[in-house]
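Below is start.json, which holds JSON, C-alpha atoms.
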```json
[["chain", "number", "residue", "atom", "x", "y", "z"],
["A", 207, "SER", "CA", 4.29, 0.57, -22.78],
["A", 208, "PRO", "CA", 7.06, 1.38, -20.33],
["A", 209, "LEU", "CA", 10.45, 1.88, -21.95],
["A", 210, "THR", "CA", 13.67, 0.20, -20.88],
["A", 211, "PHE", "CA", 16.77, -1.50, -22.21],
["A", 212, "ILE", "CA", 16.36, -4.85, -23.97],
["A", 213, "PHE", "CA", 19.15, -7.42, -24.10],
["A", 214, "ARG", "CA", 19.67, -11.07, -24.84],
["A", 215, "ARG", "CA", 20.05, -13.31, -21.82],
["A", 216, "THR", "CA", 23.67, -14.23, -20.92],
["A", 217, "GLU", "CA", 25.25, -11.57, -23.17],
["A", 218, "LEU", "CA", 25.48, -8.86, -20.51],
["A", 219, "PRO", "CA", 25.12, -8.50, -16.75],
["A", 220, "THR", "CA", 21.68, -7.28, -15.70],
["A", 221, "PRO", "CA", 21.73, -3.65, -14.53],
["A", 222, "SER", "CA", 19.46, -2.45, -11.74],
["A", 223, "ARG", "CA", 20.10, 1.30, -11.99],
["A", 224, "LEU", "CA", 21.02, 3.65, -14.81],
["A", 225, "ASP", "CA", 24.40, 4.27, -13.20],
["A", 226, "ASP", "CA", 25.23, 0.59, -13.70],
["A", 227, "LEU", "CA", 25.43, 1.29, -17.44],
["A", 228, "LEU", "CA", 28.53, 3.41, -16.81],
["A", 229, "GLY", "CA", 30.46, 0.28, -15.85],
["A", 230, "GLU", "CA", 33.11, -1.40, -18.01],
["A", 231, "GLY", "CA", 30.81, -4.38, -18.54],
["A", 232, "TYR", "CA", 28.66, -2.20, -20.84],
["A", 233, "ALA", "CA", 31.49, -0.65, -22.87],
["A", 234, "ASN", "CA", 30.42, -0.09, -26.50],
["A", 235, "ALA", "CA", 27.18, -1.95, -25.83],
["A", 236, "LEU", "CA", 24.23, 0.44, -26.09],
["A", 237, "ALA", "CA", 22.09, 1.26, -29.12],
["A", 238, "LEU", "CA", 20.19, 4.51, -28.56],
["A", 239, "GLN", "CA", 18.04, 6.80, -30.68],
["A", 240, "ASP", "CA", 18.67, 10.45, -31.45],
["A", 241, "PRO", "CA", 16.07, 12.58, -29.58],
["A", 242, "ARG", "CA", 16.17, 15.13, -32.40],
["A", 243, "THR", "CA", 14.65, 12.62, -34.83],
["A", 244, "SER", "CA", 13.12, 9.85, -32.70],
["A", 245, "SER", "CA", 10.34, 9.88, -30.12],
["A", 246, "THR", "CA", 11.95, 6.98, -28.23],
["A", 247, "GLY", "CA", 15.19, 8.94, -28.22],
["A", 248, "MET", "CA", 13.33, 11.87, -26.68],
["A", 249, "TYR", "CA", 11.81, 9.54, -24.08],
["A", 250, "PHE", "CA", 15.30, 8.38, -23.11],
["A", 251, "LEU", "CA", 16.56, 11.94, -22.76],
["A", 252, "ILE", "CA", 13.70, 13.17, -20.58],
["A", 253, "TRP", "CA", 13.84, 9.94, -18.54],
["A", 254, "VAL", "CA", 17.46, 10.61, -17.65],
["A", 255, "LEU", "CA", 16.75, 14.27, -16.89],
["A", 256, "ALA", "CA", 13.71, 13.42, -14.76],
["A", 257, "LEU", "CA", 15.71, 10.98, -12.65],
["A", 258, "LYS", "CA", 18.86, 13.06, -12.31],
["A", 259, "GLY", "CA", 17.88, 16.68, -12.92],
["A", 260, "GLU", "CA", 18.91, 18.68, -15.98],
["A", 261, "ASP", "CA", 22.57, 19.31, -15.12],
["A", 262, "GLY", "CA", 22.99, 15.91, -13.46],
["A", 263, "GLY", "CA", 21.34, 14.24, -16.43],
["A", 264, "PHE", "CA", 23.64, 15.79, -18.99],
["A", 265, "ASP", "CA", 26.63, 14.96, -16.80],
["A", 266, "PHE", "CA", 25.43, 11.34, -16.78],
["A", 267, "LEU", "CA", 25.05, 11.32, -20.57],
["A", 268, "LYS", "CA", 28.59, 12.64, -20.96],
["A", 269, "LYS", "CA", 29.88, 9.79, -18.77],
["A", 270, "LEU", "CA", 27.74, 7.30, -20.71],
["A", 271, "LYS", "CA", 29.58, 7.93, -23.99],
["A", 272, "PRO", "CA", 32.02, 4.97, -23.65],
["A", 273, "SER", "CA", 29.01, 2.64, -23.26],
["A", 274, "ILE", "CA", 27.31, 3.82, -26.46],
["A", 275, "ARG", "CA", 27.91, 1.80, -29.61],
["A", 276, "ILE", "CA", 25.57, 3.71, -31.88],
["A", 277, "ILE", "CA", 22.88, 6.39, -31.85],
["A", 278, "SER", "CA", 20.41, 5.85, -34.70],
["A", 279, "PRO", "CA", 18.00, 8.38, -36.20],
["A", 280, "THR", "CA", 15.03, 6.06, -35.60],
["A", 281, "TRP", "CA", 13.91, 3.29, -33.25],
["A", 282, "SER", "CA", 13.61, 0.80, -36.10],
["A", 283, "ALA", "CA", 17.21, 1.40, -37.20],
["A", 284, "SER", "CA", 18.64, 0.84, -33.73],
["A", 285, "TYR", "CA", 16.45, -2.20, -33.10],
["A", 286, "SER", "CA", 17.51, -3.75, -36.40],
["A", 287, "LEU", "CA", 21.15, -3.38, -35.37],
["A", 288, "PHE", "CA", 20.30, -5.06, -32.08],
["A", 289, "GLN", "CA", 18.51, -7.93, -33.79],
["A", 290, "ASN", "CA", 21.46, -8.39, -36.17],
["A", 291, "ASN", "CA", 23.85, -8.76, -33.21],
["A", 292, "GLN", "CA", 25.56, -5.44, -33.93],
["A", 293, "ALA", "CA", 24.68, -4.09, -30.48],
["A", 294, "PRO", "CA", 24.01, -6.20, -27.37],
["A", 295, "MET", "CA", 21.56, -3.79, -25.70],
["A", 296, "VAL", "CA", 18.96, -1.37, -27.08],
["A", 297, "PHE", "CA", 16.58, 1.21, -25.64],
["A", 298, "SER", "CA", 13.08, 0.08, -26.54],
["A", 299, "PHE", "CA", 9.63, -0.84, -25.26],
["A", 300, "PHE", "CA", 9.08, -3.46, -22.57],
["A", 301, "THR", "CA", 6.66, -5.13, -24.95],
["A", 302, "SER", "CA", 9.36, -5.66, -27.60],
["A", 303, "THR", "CA", 10.30, -8.86, -25.80],
["A", 304, "ILE", "CA", 6.76, -10.20, -26.21],
["A", 305, "TYR", "CA", 7.03, -9.90, -29.98],
["A", 306, "HIS", "CA", 10.02, -12.24, -30.01],
["A", 307, "TYR", "CA", 8.33, -14.67, -27.65],
["A", 308, "ILE", "CA", 5.09, -14.88, -29.64],
["A", 309, "ASN", "CA", 6.36, -14.63, -33.21],
["A", 310, "GLU", "CA", 9.76, -16.29, -32.94],
["A", 311, "ASP", "CA", 9.33, -18.55, -29.93],
["A", 312, "ASP", "CA", 12.47, -16.85, -28.59],
["A", 313, "SER", "CA", 12.68, -16.14, -24.87],
["A", 314, "ARG", "CA", 16.29, -14.89, -24.88],
["A", 315, "TYR", "CA", 15.18, -11.26, -25.15],
["A", 316, "GLN", "CA", 14.87, -9.71, -21.69],
["A", 317, "PRO", "CA", 13.67, -6.29, -20.49],
["A", 318, "VAL", "CA", 15.58, -4.60, -17.69],
["A", 319, "TYR", "CA", 13.50, -3.99, -14.58],
["A", 320, "PHE", "CA", 15.25, -0.95, -13.12],
["A", 321, "ASP", "CA", 14.85, -0.08, -9.45],
["A", 322, "GLU", "CA", 14.22, 3.47, -10.64],
["A", 323, "PRO", "CA", 10.83, 4.30, -12.19],
["A", 324, "HIS", "CA", 10.53, 3.86, -15.95],
["A", 325, "VAL", "CA", 9.28, 6.42, -18.42],
["A", 326, "SER", "CA", 6.28, 5.17, -20.42],
["A", 327, "SER", "CA", 4.75, 5.83, -23.82],
["A", 328, "VAL", "CA", 0.98, 6.31, -24.10],
["A", 329, "GLU", "CA", -0.91, 6.32, -27.40],
["A", 330, "TYR", "CA", -3.97, 8.57, -27.47],
["A", 331, "ALA", "CA", -7.20, 8.78, -29.43],
["A", 332, "ALA", "CA", -9.31, 11.93, -29.17],
["A", 333, "VAL", "CA", -12.10, 13.90, -30.83],
["A", 334, "PRO", "CA", -10.90, 17.40, -31.82],
["A", 335, "GLU", "CA", -12.93, 20.46, -30.85],
["A", 336, "ALA", "CA", -13.29, 21.32, -34.54],
["A", 337, "CYS", "CA", -14.91, 17.95, -35.33],
["A", 338, "VAL", "CA", -17.54, 17.81, -38.09],
["A", 339, "ASN", "CA", -19.24, 14.59, -37.04],
["A", 340, "CYS", "CA", -18.52, 14.65, -33.32],
["A", 341, "ALA", "CA", -20.92, 11.87, -32.40],
["A", 342, "ALA", "CA", -19.25, 9.46, -34.81],
["A", 343, "GLY", "CA", -15.86, 10.48, -33.45],
["A", 344, "GLU", "CA", -16.94, 9.79, -29.89],
["A", 345, "LYS", "CA", -18.40, 6.46, -30.98],
["A", 346, "LEU", "CA", -15.06, 5.53, -32.53],
["A", 347, "VAL", "CA", -13.17, 6.38, -29.35],
["A", 348, "HIS", "CA", -15.56, 4.24, -27.29],
["A", 349, "PHE", "CA", -15.06, 1.43, -29.81],
["A", 350, "ILE", "CA", -11.27, 1.72, -29.45],
["A", 351, "LEU", "CA", -11.64, 1.50, -25.67],
["A", 352, "SER", "CA", -13.78, -1.63, -25.76],
["A", 353, "ALA", "CA", -12.15, -4.74, -24.32],
["A", 354, "GLU", "CA", -12.33, -6.63, -27.63],
["A", 355, "THR", "CA", -10.68, -3.84, -29.62],
["A", 356, "GLN", "CA", -8.04, -3.33, -26.94],
["A", 357, "LYS", "CA", -7.20, -7.03, -27.16],
["A", 358, "ASN", "CA", -6.85, -6.82, -30.94],
["A", 359, "ILE", "CA", -4.64, -3.73, -30.71],
["A", 360, "MET", "CA", -2.54, -5.36, -27.99],
["A", 361, "GLU", "CA", -1.92, -8.47, -30.08],
["A", 362, "LYS", "CA", -1.17, -6.61, -33.32],
["A", 363, "ASN", "CA", 0.59, -3.46, -32.09],
["A", 364, "TYR", "CA", 2.44, -5.04, -29.15],
["A", 365, "MET", "CA", 1.44, -2.33, -26.70],
["A", 366, "LEU", "CA", -0.29, -2.83, -23.37],
["A", 367, "PRO", "CA", -4.07, -2.25, -23.22],
["A", 368, "VAL", "CA", -5.47, 0.66, -21.23],
["A", 369, "VAL", "CA", -8.52, -1.35, -20.14],
["A", 370, "ARG", "CA", -8.10, -3.45, -17.00],
["A", 371, "GLY", "CA", -8.29, -7.21, -17.32],
["A", 372, "VAL", "CA", -7.53, -7.44, -21.05],
["A", 373, "LYS", "CA", -3.91, -8.58, -20.58],
["A", 374, "ASN", "CA", -4.68, -11.05, -17.78],
["A", 375, "ASN", "CA", -3.42, -14.59, -18.45],
["A", 376, "THR", "CA", -1.66, -13.51, -21.67],
["A", 377, "PRO", "CA", 2.07, -13.04, -22.45],
["A", 378, "PHE", "CA", 1.46, -9.31, -21.93],
["A", 379, "ASP", "CA", 0.87, -9.87, -18.21],
["A", 380, "PHE", "CA", 4.37, -9.19, -16.89],
["A", 381, "PRO", "CA", 5.60, -11.36, -14.01],
["A", 382, "LYS", "CA", 6.12, -8.32, -11.80],
["A", 383, "ALA", "CA", 4.99, -4.72, -11.72],
["A", 384, "VAL", "CA", 7.01, -2.05, -13.51],
["A", 385, "PRO", "CA", 7.45, 1.16, -11.47],
["A", 386, "LEU", "CA", 6.40, 4.12, -13.63],
["A", 387, "LEU", "CA", 7.65, 7.68, -13.57],
["A", 388, "GLU", "CA", 5.00, 10.23, -12.65],
["A", 389, "PRO", "CA", 4.30, 12.34, -15.78],
["A", 390, "SER", "CA", 4.83, 15.56, -13.80],
["A", 391, "ARG", "CA", 8.48, 14.58, -13.32],
["A", 392, "PHE", "CA", 9.26, 14.70, -17.05],
["A", 393, "GLU", "CA", 6.54, 16.91, -18.54],
["A", 394, "LYS", "CA", 8.20, 19.95, -16.99],
["A", 395, "PHE", "CA", 11.13, 19.54, -19.39],
["A", 396, "LEU", "CA", 9.03, 19.57, -22.57],
["A", 397, "PRO", "CA", 8.57, 23.38, -22.85],
["A", 398, "ASN", "CA", 12.38, 23.66, -23.01],
["A", 399, "LYS", "CA", 12.71, 20.94, -25.65],
["A", 400, "ASP", "CA", 14.72, 23.04, -28.13],
["A", 401, "ALA", "CA", 17.26, 24.11, -25.53],
["A", 402, "LEU", "CA", 17.60, 20.53, -24.26],
["A", 403, "LEU", "CA", 18.22, 19.23, -27.77],
["A", 404, "GLU", "CA", 20.87, 21.88, -28.27],
["A", 405, "ARG", "CA", 22.62, 20.68, -25.11],
["A", 406, "TRP", "CA", 22.34, 17.11, -26.41],
["A", 407, "LYS", "CA", 23.93, 18.18, -29.71],
["A", 408, "LYS", "CA", 26.89, 19.72, -27.89],
["A", 409, "LEU", "CA", 27.61, 16.40, -26.16],
["A", 410, "SER", "CA", 28.65, 14.98, -29.58],
["A", 411, "LEU", "CA", 27.44, 11.52, -28.66],
["A", 412, "SER", "CA", 26.63, 10.59, -32.25]]
```
Please express the file's structure as structure tokens.
Amino acid sequence: SPLTFIFRRTELPTPSRLDDLLGEGYANALALQDPRTSSTGMYFLIWVLALKGEDGGFDFLKKLKPSIRIISPTWSASYSLFQNNQAPMVFSFFTSTIYHYINEDDSRYQPVYFDEPHVSSVEYAAVPEACVNCAAGEKLVHFILSAETQKNIMEKNYMLPVVRGVKNNTPFDFPKAVPLLEPSRFEKFLPNKDALLERWKKLSLS
């Protein structure tokens, strides 16, 4: 699933670029996750750095501080605060909105379609080189990639399928395409993860 900010319709203006979040209309509004303890928090950090460069990204994060209401250690903690109306906007998965639509019949929850490309989360299944029963492992991976299994995972895990056609004519078929960040633009930051997290810590955002 691509990641973005989720908000309830009418509570906030709709941003189109990350820089919009620096505006007064988003003061004390954002629920984020700590990249030192949360994978979604790490996605947010490398997304900002990929779009703005390392120094530019940290400068942006420093300016973003007035817009941040809370930085939680986990995604679930920040999303719970959002659901309980303790923060009007949260960094989450595009597909979070589908959960509310399907399970709660609530269409107020909206994802932000930024003009800039979005970072995305991909869940993998693989057979390790040290496998004992490699054939069974490969059979399992093929089973996971079947259209029927992808549909079941999509509907239970609220993530987009990796097989074409499975999401067609379902609530998971977004009304417009989401521009995605090329992995090469953020993967280059991962070898320096420890140094980046140390710079994050020095910002004292949480």
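For the pair CA of Lys408 (chain A) and CA of Ile274 (chain A), the interatomic distance is 16.0 Å.
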Within 9 Å of Ala283 (chain A) using only C-alpha atoms, minus same-chain residues under 5 positions, as a VMD selection string: chain A and resid 239 278 288
Suppose we keep C-alpha atoms; can you now write the selection as a compact mmCIF listing (two decimals), keeping the file's coordinate frame?
```
# COMPACT_ATOMS: atom_id res chain seq x y z
CA GLN A 239 18.04 6.80 -30.68
CA SER A 278 20.41 5.85 -34.70
CA PHE A 288 20.30 -5.06 -32.08
```
Test item: residues at most 9 Å from Gly263 (chain A), all atoms listed in the file, excluding those fewer than 6 positions along its chain, as number ranges by chain: A: 251-257
Computed interatomic separation between CA of Ser298 (chain A) and CA of Met365 (chain A) (Å): 11.9 Å
All residues 12 Å or closer to Met360 (chain A), all atoms listed in the file, same chain fewer than 2 positions away omitted, as an mmCIF file with C-alpha atoms, keeping the file's coordinate frame:
```
data_model
loop_
_atom_site.group_PDB
_atom_site.id
_atom_site.type_symbol
_atom_site.label_atom_id
_atom_site.label_comp_id
_atom_site.auth_asym_id
_atom_site.auth_seq_id
_atom_site.Cartn_x
_atom_site.Cartn_y
_atom_site.Cartn_z
ATOM 1 C CA SER A 207 4.290 0.570 -22.780
ATOM 2 C CA THR A 301 6.660 -5.130 -24.950
ATOM 3 C CA SER A 302 9.360 -5.660 -27.600
ATOM 4 C CA ILE A 304 6.760 -10.200 -26.210
ATOM 5 C CA TYR A 305 7.030 -9.900 -29.980
ATOM 6 C CA GLU A 329 -0.910 6.320 -27.400
ATOM 7 C CA ILE A 350 -11.270 1.720 -29.450
ATOM 8 C CA LEU A 351 -11.640 1.500 -25.670
ATOM 9 C CA ALA A 353 -12.150 -4.740 -24.320
ATOM 10 C CA GLU A 354 -12.330 -6.630 -27.630
ATOM 11 C CA THR A 355 -10.680 -3.840 -29.620
ATOM 12 C CA GLN A 356 -8.040 -3.330 -26.940
ATOM 13 C CA LYS A 357 -7.200 -7.030 -27.160
ATOM 14 C CA ASN A 358 -6.850 -6.820 -30.940
ATOM 15 C CA LYS A 362 -1.170 -6.610 -33.320
ATOM 16 C CA ASN A 363 0.590 -3.460 -32.090
ATOM 17 C CA TYR A 364 2.440 -5.040 -29.150
ATOM 18 C CA MET A 365 1.440 -2.330 -26.700
ATOM 19 C CA LEU A 366 -0.290 -2.830 -23.370
ATOM 20 C CA PRO A 367 -4.070 -2.250 -23.220
ATOM 21 C CA VAL A 368 -5.470 0.660 -21.230
ATOM 22 C CA VAL A 369 -8.520 -1.350 -20.140
ATOM 23 C CA VAL A 372 -7.530 -7.440 -21.050
ATOM 24 C CA LYS A 373 -3.910 -8.580 -20.580
ATOM 25 C CA ASN A 374 -4.680 -11.050 -17.780
ATOM 26 C CA THR A 376 -1.660 -13.510 -21.670
ATOM 27 C CA PRO A 377 2.070 -13.040 -22.450
ATOM 28 C CA PHE A 378 1.460 -9.310 -21.930
ATOM 29 C CA ASP A 379 0.870 -9.870 -18.210
#
```
CA of Glu335 (chain A) to CA of Arg242 (chain A), straight-line distance in Å: 29.6 Å
Residues within 12 Å of Thr216 (chain A), all atoms listed in the file, excluding chain neighbours under 6 positions, as an MDAnalysis selection string: chainID A and resid 294:295 313:316
Write the selection just made, keeping C-alpha atoms, as a CSV table (one decimal), in the frame of the given file?
```csv
chain,number,residue,atom,x,y,z
A,294,PRO,CA,24.0,-6.2,-27.4
A,295,MET,CA,21.6,-3.8,-25.7
A,313,SER,CA,12.7,-16.1,-24.9
A,314,ARG,CA,16.3,-14.9,-24.9
A,315,TYR,CA,15.2,-11.3,-25.2
A,316,GLN,CA,14.9,-9.7,-21.7
```
Minimum-distance residue to Gly259 (chain A), chosen among A:Leu236, A:Leu228, A:Ala332, A:Leu402 (using only C-alpha atoms): A:Leu402
Sphere at (18.2, 2.0, -37.6), radius 12 Å, counting all atoms listed in the file: residues as a ChimeraX atom specification: /A:237-240,243-244,276-290,292-293,296
Report as a tab-separated table: every residue of region 356-409 of chain A with an atom at most 12 Å from region 210-214 of chain A, its closest pair of atoms, and their distance in Å to one decimal, counting all atoms listed in the file, with rows sorted by chain and ascending residue number.
```
residue	atom	partner	partner_atom	distance
A:Val384	CA	A:Thr210	CA	10.2
A:Pro385	CA	A:Thr210	CA	11.3
A:Leu386	CA	A:Thr210	CA	11.0
```
Expected axis-aligned box over every listed atom of region 222-240 of chain A, 6 Å added per side, centre plus edges in Å to one decimal, as JSON:
```
{"center_x": 25.6, "center_y": 3.0, "center_z": -21.6, "size_x": 27.1, "size_y": 26.8, "size_z": 31.7}
```
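Proximity ranking of A:Tyr232, A:Tyr307, A:Trp406, A:Phe380 relative to Gly247 (chain A) places A:Trp406 first, based on all atoms listed in the file.
Residue nearest Asn234 (chain A), chosen from A:Arg275, A:Val318, A:Leu209, A:Leu267 and counting all atoms listed in the file: A:Arg275.
With all atoms listed in the file as the basis for measurement, A:Pro317 is the residue among A:Pro317, A:Pro219, A:Ser410, A:Pro389 that approaches Thr303 (chain A) most closely.
Considering all atoms listed in the file, the residue among A:Pro208, A:Leu270, A:Arg223, A:Arg215 positioned nearest to Phe320 (chain A) is A:Arg223.
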Provide region 385-396 of chain A of the preceding structure as a file containing all heavy atoms, as a short mmCIF file (atom, residue, chain, number, x, y, z; two decimals), in the first residue's frame.
```cif
data_model
loop_
_atom_site.label_atom_id
_atom_site.label_comp_id
_atom_site.auth_asym_id
_atom_site.auth_seq_id
_atom_site.Cartn_x
_atom_site.Cartn_y
_atom_site.Cartn_z
N PRO A 385 0.72 8.30 -7.60
CA PRO A 385 2.11 8.30 -8.06
C PRO A 385 3.03 7.71 -6.98
O PRO A 385 2.92 8.08 -5.81
CB PRO A 385 2.41 9.78 -8.30
CG PRO A 385 1.45 10.51 -7.41
CD PRO A 385 0.21 9.66 -7.36
N LEU A 386 3.89 6.79 -7.36
CA LEU A 386 4.75 6.10 -6.41
C LEU A 386 6.21 6.52 -6.57
O LEU A 386 6.70 6.71 -7.69
CB LEU A 386 4.63 4.59 -6.58
CG LEU A 386 3.26 3.98 -6.32
CD1 LEU A 386 3.31 2.47 -6.52
CD2 LEU A 386 2.75 4.32 -4.92
N LEU A 387 6.88 6.61 -5.45
CA LEU A 387 8.29 6.95 -5.43
C LEU A 387 9.11 5.75 -5.91
O LEU A 387 8.89 4.63 -5.47
CB LEU A 387 8.68 7.32 -4.01
CG LEU A 387 10.01 8.02 -3.76
CD1 LEU A 387 9.98 9.43 -4.34
CD2 LEU A 387 10.28 8.07 -2.25
N GLU A 388 10.03 5.99 -6.83
CA GLU A 388 10.92 4.92 -7.27
C GLU A 388 11.77 4.44 -6.09
O GLU A 388 12.33 5.26 -5.35
CB GLU A 388 11.84 5.41 -8.38
CG GLU A 388 11.15 5.63 -9.71
CD GLU A 388 10.73 4.32 -10.35
OE1 GLU A 388 11.36 3.29 -10.03
OE2 GLU A 388 9.78 4.32 -11.14
N PRO A 389 11.84 3.11 -5.85
CA PRO A 389 12.60 2.61 -4.69
C PRO A 389 14.03 3.13 -4.63
O PRO A 389 14.56 3.35 -3.53
CB PRO A 389 12.57 1.09 -4.90
CG PRO A 389 11.31 0.85 -5.67
CD PRO A 389 11.17 2.03 -6.59
N SER A 390 14.67 3.34 -5.78
CA SER A 390 16.05 3.81 -5.78
C SER A 390 16.21 5.18 -5.12
O SER A 390 17.28 5.52 -4.62
CB SER A 390 16.59 3.89 -7.21
OG SER A 390 15.81 4.78 -7.99
N ARG A 391 15.11 5.94 -5.05
CA ARG A 391 15.18 7.28 -4.47
C ARG A 391 15.22 7.26 -2.94
O ARG A 391 15.67 8.22 -2.32
CB ARG A 391 14.00 8.15 -4.94
CG ARG A 391 14.07 8.51 -6.41
CD ARG A 391 12.95 9.44 -6.81
NE ARG A 391 12.98 10.71 -6.09
CZ ARG A 391 12.07 11.68 -6.25
NH1 ARG A 391 11.05 11.51 -7.10
NH2 ARG A 391 12.16 12.81 -5.57
N PHE A 392 14.73 6.16 -2.33
CA PHE A 392 14.80 6.10 -0.86
C PHE A 392 15.70 4.98 -0.35
O PHE A 392 16.20 5.05 0.78
CB PHE A 392 13.40 5.99 -0.25
CG PHE A 392 12.62 4.76 -0.61
CD1 PHE A 392 12.83 3.57 0.05
CD2 PHE A 392 11.64 4.81 -1.59
CE1 PHE A 392 12.09 2.43 -0.26
CE2 PHE A 392 10.89 3.68 -1.91
CZ PHE A 392 11.12 2.49 -1.25
N GLU A 393 15.93 3.95 -1.16
CA GLU A 393 16.78 2.85 -0.69
C GLU A 393 18.20 3.29 -0.39
O GLU A 393 18.88 2.70 0.44
CB GLU A 393 16.77 1.73 -1.73
CG GLU A 393 15.46 0.94 -1.78
CD GLU A 393 15.45 -0.10 -2.88
OE1 GLU A 393 16.33 -0.04 -3.77
OE2 GLU A 393 14.55 -0.95 -2.88
N LYS A 394 18.64 4.35 -1.07
CA LYS A 394 20.01 4.82 -0.86
C LYS A 394 20.24 5.35 0.56
O LYS A 394 21.39 5.44 1.02
CB LYS A 394 20.35 5.92 -1.87
CG LYS A 394 19.50 7.17 -1.76
CD LYS A 394 19.84 8.17 -2.84
CE LYS A 394 18.98 9.44 -2.75
NZ LYS A 394 19.31 10.40 -3.84
N PHE A 395 19.16 5.69 1.27
CA PHE A 395 19.30 6.21 2.63
C PHE A 395 19.41 5.09 3.67
O PHE A 395 19.89 5.33 4.78
CB PHE A 395 18.10 7.09 2.98
CG PHE A 395 18.03 8.36 2.18
CD1 PHE A 395 17.12 8.49 1.14
CD2 PHE A 395 18.87 9.43 2.47
CE1 PHE A 395 17.04 9.66 0.41
CE2 PHE A 395 18.80 10.60 1.73
CZ PHE A 395 17.89 10.72 0.70
N LEU A 396 18.98 3.89 3.32
CA LEU A 396 18.90 2.81 4.31
C LEU A 396 20.24 2.39 4.90
O LEU A 396 20.31 2.08 6.09
CB LEU A 396 18.17 1.61 3.70
CG LEU A 396 16.71 1.90 3.30
CD1 LEU A 396 16.06 0.66 2.70
CD2 LEU A 396 15.89 2.42 4.46
#
```
